[in-house]
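See below for model_15.txt, which holds compact mmCIF, C-alpha atoms.
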```
# COMPACT_ATOMS: atom_id res chain seq x y z
CA MET Z 765 0.00 0.00 0.00
CA ALA Z 766 1.29 3.47 -0.87
CA PRO Z 767 2.03 5.40 2.35
CA ASN Z 768 0.03 8.44 1.21
CA TYR Z 769 -3.02 6.30 0.54
CA PRO Z 770 -3.85 4.36 3.74
CA CYS Z 771 -7.07 2.78 2.44
CA LYS Z 772 -8.98 -0.02 4.12
CA TYR Z 773 -10.91 -1.39 1.13
CA PHE Z 774 -8.52 -0.57 -1.72
CA ASN Z 775 -4.90 -1.37 -2.43
CA VAL Z 776 -2.91 1.45 -4.03
CA SER Z 777 0.45 0.83 -5.70
CA PHE Z 778 2.64 2.48 -8.33
CA PRO Z 779 3.77 -0.11 -10.90
CA GLN Z 780 5.21 2.56 -13.24
CA GLU Z 781 6.33 6.13 -12.78
CA TYR Z 782 3.26 8.39 -12.63
CA VAL Z 783 0.88 5.39 -12.88
CA ALA Z 784 -1.27 4.48 -9.87
CA HIS Z 785 -2.92 1.05 -9.60
CA VAL Z 786 -6.09 0.97 -7.49
CA GLU Z 787 -7.32 -2.52 -6.59
CA ILE Z 788 -10.72 -3.15 -5.01
CA ASN Z 789 -9.78 -5.22 -1.96
CA ARG Z 790 -12.70 -7.30 -0.73
CA ALA Z 791 -12.08 -10.52 -2.59
CA ASP Z 792 -13.71 -12.69 0.09
CA LYS Z 793 -17.03 -10.96 -0.75
CA MET Z 794 -16.36 -10.85 -4.52
CA ASN Z 795 -15.47 -7.17 -4.09
CA ALA Z 796 -19.13 -6.29 -3.42
CA PHE Z 797 -19.59 -2.70 -2.25
CA PHE Z 798 -21.19 -1.41 0.91
CA GLU Z 799 -21.43 2.20 2.10
CA ALA Z 800 -17.98 2.59 3.67
CA MET Z 801 -16.38 1.33 0.45
CA TRP Z 802 -18.02 3.77 -1.91
CA VAL Z 803 -17.25 6.66 0.47
CA GLU Z 804 -13.60 5.59 0.53
CA LEU Z 805 -13.61 5.24 -3.28
CA GLY Z 806 -14.76 8.83 -3.71
CA GLN Z 807 -12.19 10.15 -1.26
CA LEU Z 808 -9.43 8.12 -2.92
CA PHE Z 809 -10.12 9.35 -6.44
CA ASN Z 810 -10.43 12.95 -5.25
CA GLN Z 811 -6.99 12.60 -3.70
CA LEU Z 812 -5.50 10.95 -6.80
CA SER Z 813 -6.97 13.71 -8.94
CA TYR Z 814 -4.82 16.33 -7.20
CA ASP Z 815 -1.67 14.23 -6.73
CA SER Z 816 0.98 15.69 -9.05
CA SER Z 817 2.87 12.38 -8.95
CA VAL Z 818 -0.06 10.64 -10.67
CA ARG Z 819 -0.75 11.03 -14.38
CA ALA Z 820 -2.83 7.90 -15.08
CA ILE Z 821 -4.78 5.39 -12.97
CA VAL Z 822 -5.50 1.69 -13.43
CA LEU Z 823 -8.51 0.19 -11.62
CA SER Z 824 -8.97 -3.55 -11.04
CA GLY Z 825 -10.44 -6.00 -8.53
CA ALA Z 826 -8.60 -8.37 -6.18
CA GLY Z 827 -9.05 -12.14 -6.38
CA ASP Z 828 -9.89 -14.50 -9.20
CA LYS Z 829 -13.71 -14.49 -9.09
CA ALA Z 830 -14.84 -10.93 -9.66
CA PHE Z 831 -13.95 -7.38 -10.53
CA THR Z 832 -16.98 -6.60 -8.41
CA ALA Z 833 -20.25 -8.48 -7.97
CA GLY Z 834 -21.91 -5.10 -7.43
CA LEU Z 835 -23.77 -3.85 -4.40
CA ASP Z 836 -23.59 -5.92 -1.23
CA VAL Z 837 -27.32 -6.65 -1.18
CA LYS Z 838 -27.31 -8.07 2.35
CA ALA Z 839 -25.66 -4.94 3.77
CA ALA Z 840 -28.00 -2.70 1.75
CA SER Z 841 -31.11 -4.57 2.93
CA GLN Z 842 -30.07 -3.99 6.54
CA GLY Z 843 -29.38 -0.30 5.98
CA THR Z 844 -31.27 2.56 4.36
CA LEU Z 845 -33.38 0.31 2.13
CA ASN Z 846 -34.85 -1.27 5.28
CA ASP Z 847 -35.39 1.98 7.17
CA SER Z 848 -38.77 1.90 8.89
CA SER Z 849 -38.20 4.89 11.15
CA SER Z 850 -40.92 6.90 9.40
CA THR Z 851 -44.26 5.94 7.89
CA ASP Z 852 -44.48 9.24 6.00
CA ALA Z 853 -43.76 8.60 2.30
CA ALA Z 854 -42.33 12.08 1.66
CA ARG Z 855 -39.89 11.77 4.56
CA LYS Z 856 -38.80 8.33 3.40
CA ALA Z 857 -38.22 9.79 -0.07
CA VAL Z 858 -36.04 12.55 1.36
CA ALA Z 859 -33.98 10.01 3.31
CA LEU Z 860 -33.49 7.86 0.21
CA ARG Z 861 -32.54 10.88 -1.90
CA ARG Z 862 -29.97 11.89 0.70
CA HIS Z 863 -28.60 8.35 0.51
CA ILE Z 864 -28.53 7.99 -3.29
CA THR Z 865 -26.99 11.36 -4.17
CA PRO Z 866 -23.75 10.90 -2.17
CA PHE Z 867 -23.45 7.37 -3.62
CA GLN Z 868 -23.71 8.87 -7.11
CA ASP Z 869 -21.12 11.50 -6.21
CA CYS Z 870 -18.63 8.86 -5.08
CA ILE Z 871 -18.85 7.04 -8.43
CA THR Z 872 -18.80 10.35 -10.32
CA ALA Z 873 -15.50 11.14 -8.56
CA VAL Z 874 -13.91 8.59 -10.92
CA GLU Z 875 -15.26 10.44 -13.96
CA LYS Z 876 -14.34 13.85 -12.54
CA CYS Z 877 -10.81 12.73 -11.65
CA GLU Z 878 -8.42 14.89 -13.68
CA LYS Z 879 -6.30 11.86 -14.58
CA PRO Z 880 -7.34 9.24 -17.17
CA VAL Z 881 -8.69 6.05 -15.55
CA ILE Z 882 -8.30 2.66 -17.25
CA VAL Z 883 -10.33 -0.20 -15.80
CA ALA Z 884 -9.43 -3.89 -16.22
CA MET Z 885 -12.41 -6.14 -15.46
CA HIS Z 886 -12.51 -9.90 -14.94
CA GLY Z 887 -14.88 -12.61 -13.72
CA PHE Z 888 -18.21 -11.36 -12.40
CA SER Z 889 -18.63 -7.67 -13.25
CA LEU Z 890 -22.23 -6.99 -12.32
CA GLY Z 891 -24.46 -4.06 -11.45
CA LEU Z 892 -22.23 -1.50 -9.78
CA ALA Z 893 -19.37 -2.77 -11.96
CA ILE Z 894 -21.15 -1.23 -14.96
CA ASP Z 895 -21.81 2.02 -13.07
CA LEU Z 896 -18.17 2.22 -12.05
CA SER Z 897 -16.64 1.21 -15.38
CA THR Z 898 -18.73 3.67 -17.40
CA ALA Z 899 -17.28 6.43 -15.20
CA CYS Z 900 -13.80 5.33 -16.33
CA ASP Z 901 -12.17 6.51 -19.54
CA VAL Z 902 -10.98 3.21 -21.05
CA ARG Z 903 -12.38 -0.27 -20.36
CA LEU Z 904 -10.52 -3.59 -20.83
CA CYS Z 905 -11.68 -7.06 -19.84
CA THR Z 906 -10.78 -10.73 -19.72
CA ARG Z 907 -12.24 -13.33 -22.07
CA ASP Z 908 -14.17 -15.02 -19.24
CA VAL Z 909 -15.82 -11.85 -17.92
CA LYS Z 910 -19.54 -11.90 -17.10
CA PHE Z 911 -21.25 -8.51 -17.36
CA ALA Z 912 -24.82 -7.61 -16.40
CA VAL Z 913 -26.89 -4.54 -15.61
CA LYS Z 914 -28.33 -6.45 -12.70
CA GLU Z 915 -30.53 -3.96 -10.88
CA VAL Z 916 -33.96 -5.02 -12.22
CA ASP Z 917 -33.31 -8.45 -10.69
CA ILE Z 918 -33.29 -6.86 -7.23
CA GLY Z 919 -36.26 -4.55 -7.84
CA LEU Z 920 -34.37 -1.38 -8.69
CA ALA Z 921 -33.72 0.89 -11.63
CA ALA Z 922 -29.95 1.35 -11.80
CA ASP Z 923 -29.42 4.70 -10.11
CA ILE Z 924 -25.64 5.24 -9.80
CA GLY Z 925 -24.81 6.06 -13.42
CA THR Z 926 -25.34 3.13 -15.79
CA LEU Z 927 -28.59 4.39 -17.31
CA SER Z 928 -27.07 7.81 -17.91
CA ARG Z 929 -23.58 6.83 -19.08
CA LEU Z 930 -23.86 3.44 -20.80
CA PRO Z 931 -25.90 4.74 -23.79
CA LYS Z 932 -23.22 7.36 -24.42
CA VAL Z 933 -20.41 4.83 -24.10
CA VAL Z 934 -21.77 2.33 -26.64
CA GLY Z 935 -23.97 4.55 -28.81
CA ASN Z 936 -26.60 1.78 -29.16
CA PHE Z 937 -29.71 2.74 -27.23
CA GLY Z 938 -31.68 -0.37 -28.16
CA TRP Z 939 -28.94 -2.68 -26.91
CA VAL Z 940 -28.67 -0.71 -23.66
CA LYS Z 941 -32.41 -1.02 -23.12
CA GLU Z 942 -32.27 -4.75 -23.80
CA VAL Z 943 -29.51 -5.54 -21.28
CA SER Z 944 -30.93 -3.11 -18.71
CA LEU Z 945 -34.49 -4.43 -18.89
CA THR Z 946 -33.54 -8.13 -18.91
CA ALA Z 947 -30.50 -8.13 -16.58
CA ARG Z 948 -29.09 -10.85 -18.83
CA ILE Z 949 -25.43 -11.80 -18.72
CA PHE Z 950 -23.30 -10.71 -21.67
CA GLY Z 951 -19.69 -11.59 -22.32
CA ALA Z 952 -16.44 -10.15 -23.59
CA GLU Z 953 -17.04 -10.59 -27.32
CA GLU Z 954 -20.43 -8.88 -27.17
CA ALA Z 955 -18.98 -6.08 -25.04
CA LEU Z 956 -16.21 -5.60 -27.62
CA ARG Z 957 -18.68 -5.67 -30.52
CA VAL Z 958 -20.86 -2.89 -29.10
CA GLY Z 959 -17.85 -0.82 -28.02
CA PHE Z 960 -18.26 -1.17 -24.27
CA VAL Z 961 -14.66 -2.42 -23.97
CA SER Z 962 -11.61 -1.54 -26.07
CA SER Z 963 -9.87 -4.91 -25.92
CA VAL Z 964 -10.24 -8.46 -24.58
CA HIS Z 965 -7.43 -10.41 -22.89
CA ASP Z 966 -6.95 -14.08 -22.04
CA THR Z 967 -6.12 -13.56 -18.37
CA LYS Z 968 -6.62 -11.03 -15.61
CA ALA Z 969 -2.85 -10.49 -15.42
CA ALA Z 970 -2.71 -9.75 -19.15
CA ALA Z 971 -5.59 -7.26 -18.90
CA ILE Z 972 -3.97 -5.44 -15.99
CA GLN Z 973 -0.60 -5.41 -17.74
CA LYS Z 974 -2.18 -3.88 -20.84
CA ALA Z 975 -3.93 -1.28 -18.68
CA ILE Z 976 -0.63 -0.38 -17.01
CA GLU Z 977 1.05 -0.09 -20.43
CA LEU Z 978 -1.69 2.25 -21.63
CA GLY Z 979 -1.42 4.28 -18.44
CA ALA Z 980 2.37 4.47 -18.77
CA LEU Z 981 2.02 5.69 -22.36
CA MET Z 982 -0.49 8.37 -21.33
CA ALA Z 983 1.88 9.39 -18.53
CA THR Z 984 4.62 10.21 -21.07
CA LYS Z 985 2.41 12.89 -22.62
CA SER Z 986 2.02 16.46 -21.44
CA PRO Z 987 -0.18 16.36 -18.32
CA VAL Z 988 -1.65 19.70 -19.39
CA ALA Z 989 -2.68 18.16 -22.72
CA VAL Z 990 -3.96 14.89 -21.21
CA GLN Z 991 -6.06 16.54 -18.53
CA GLY Z 992 -7.42 19.06 -21.04
CA THR Z 993 -8.31 16.29 -23.49
CA LYS Z 994 -10.26 14.32 -20.87
CA GLU Z 995 -12.06 17.44 -19.70
CA ILE Z 996 -13.05 18.54 -23.20
CA LEU Z 997 -14.15 15.06 -24.29
CA ASN Z 998 -16.41 14.66 -21.25
CA TRP Z 999 -17.82 18.18 -21.72
CA SER Z 1000 -18.46 17.64 -25.42
CA ARG Z 1001 -20.21 14.31 -24.78
CA ASP Z 1002 -22.90 16.15 -22.81
CA HIS Z 1003 -23.21 19.26 -25.03
CA THR Z 1004 -23.71 20.25 -28.65
CA VAL Z 1005 -20.82 20.39 -31.11
CA GLN Z 1006 -20.92 24.19 -31.05
CA ASP Z 1007 -20.86 24.21 -27.24
CA GLY Z 1008 -17.89 21.84 -27.33
CA LEU Z 1009 -15.98 24.03 -29.78
CA ARG Z 1010 -16.63 27.11 -27.68
CA TYR Z 1011 -15.52 25.36 -24.49
CA THR Z 1012 -12.36 24.14 -26.23
CA THR Z 1013 -11.59 27.69 -27.31
CA VAL Z 1014 -11.91 29.01 -23.78
CA TRP Z 1015 -9.97 26.08 -22.29
CA ASN Z 1016 -7.10 26.27 -24.78
CA SER Z 1017 -6.81 30.05 -24.56
CA ALA Z 1018 -5.22 29.32 -21.18
CA ALA Z 1019 -3.75 25.85 -21.77
CA LEU Z 1020 -1.87 26.77 -24.97
CA GLN Z 1021 0.30 29.12 -22.94
CA THR Z 1022 2.03 26.10 -21.36
CA LYS Z 1023 5.70 25.39 -21.98
CA ASP Z 1024 4.68 21.81 -22.77
CA VAL Z 1025 3.82 22.78 -26.36
CA SER Z 1026 7.31 24.03 -27.18
CA ALA Z 1027 8.89 21.13 -25.25
CA ALA Z 1028 6.90 18.59 -27.28
CA LEU Z 1029 7.59 20.27 -30.61
CA LEU Z 1030 11.31 20.66 -29.90
CA SER Z 1031 11.67 17.03 -28.80
CA GLY Z 1032 10.07 15.94 -32.06
CA ILE Z 1033 12.55 17.97 -34.08
CA GLN Z 1034 15.47 16.69 -32.01
CA LYS Z 1035 14.12 13.10 -32.03
CA ARG Z 1036 14.24 12.69 -28.27
CA LYS Z 1037 11.70 11.84 -25.59
CA PRO Z 1038 10.16 14.97 -24.04
CA THR Z 1039 9.91 15.51 -20.29
CA PHE Z 1040 7.21 17.57 -18.67
CA GLU Z 1041 6.91 19.27 -15.28
CA LYS Z 1042 4.47 17.92 -12.71
CA LEU Z 1043 1.00 19.41 -12.70
```
Write-out of the structure in structure tokens:
Amino acid sequence: MAPNYPCKYFNVSFPQEYVAHVEINRADKMNAFFEAMWVELGQLFNQLSYDSSVRAIVLSGAGDKAFTAGLDVKAASQGTLNDSSSTDAARKAVALRRHITPFQDCITAVEKCEKPVIVAMHGFSLGLAIDLSTACDVRLCTRDVKFAVKEVDIGLAADIGTLSRLPKVVGNFGWVKEVSLTARIFGAEEALRVGFVSSVHDTKAAAIQKAIELGALMATKSPVAVQGTKEILNWSRDHTVQDGLRYTTVWNSAALQTKDVSAALLSGIQKRKPTFEKL
């Protein structure tokens, strides 16, 4: 565990310079999430976002069985979902809203993280796994992975991000409706075909290694350029083309003043690897 990241439910290591590896660490429960875990996840990614020694992040799950089996249903059923402290429907609704919104914010912290996040999924990757992975920037998986938007099987509409992000990730609204309304399992080849994942690997180790290689490559680029690219892509996804162009203009009016531009251009002319200051 990295000394600056004393997490209880996540392992944090640095396999390459500027690359952080975050591993969900509850393998005995198939990495299922309960409240303390998602709170810690949000805090962790907020910290990584501002760490100048981090330029890319890899996310994976401990153990052989699952990236994450999703929400720990037993813990959830004993918590807010089983709250009978009030019989007033409006007050129950307020309590649930106050519970759901912070949960959403913790997952959104992955998307809002200034650094690119590459997720490597294996085994069971259900429910919350889809919420979490759609908040990441690049998704990889193993050949034996089992995906599902599982929430309708437990009487819920997915409320932590899948229904908002998955259609924009794959660009196939009919397919998203099908897997969300049926909760059926789909595998690596289907995920690759619809564009949910970028590549499929034979083993968990191979998927993580590829994710680290991608992160290491991103980390060699100007951090000003990488962070700006992620920000503008996410903004443009949720706005019109004209809005995106305008936002890019405003963003780059500041960002283009960086020394990174001249450093990158000069290194290309001199045929050497550029180095960039921490950000």
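Those residues that approach Asn810 in chain Z to within 10 Å, counting only C-alpha atoms, are Glu804, Leu805, Gly806, Gln807, Ser813, Tyr814, Asp815, Cys870, Ala873, Val874, Lys876, Cys877 and Glu878 of chain Z; same-chain residues fewer than 3 positions away are not listed.
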Closest to Asp895 in chain Z among Z:Asp1007, Z:Glu942, Z:Glu875, Z:Asp1024, using only C-alpha atoms?
Z:Glu875
When you look at Val909 in chain Z with a cut-off of 9 Å (counting all atoms listed in the file), what residues show up, excluding the ones that are within fewer than 6 positions of it in the same chain? I need them as a PyMOL selection string.
chain Z and resi 830-831+885-889+950-952
Return the single residue from Z:Val933, Z:Leu860, Z:Leu978, Z:Leu808 that is closest to Leu997 in chain Z, with distances computed using all atoms listed in the file.
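Closest candidate: Z:Val933.
When all atoms listed in the file are used to measure the gap to Gly827 in chain Z, the shortest distance among Z:Arg929, Z:His785, Z:Lys968, Z:Lys941 belongs to Z:Lys968.
Shortest atom-to-atom contact with Pro866 in chain Z among Z:Ala969, Z:Ala800, Z:Pro880, Z:Cys900: Z:Ala800, counting only C-alpha atoms.
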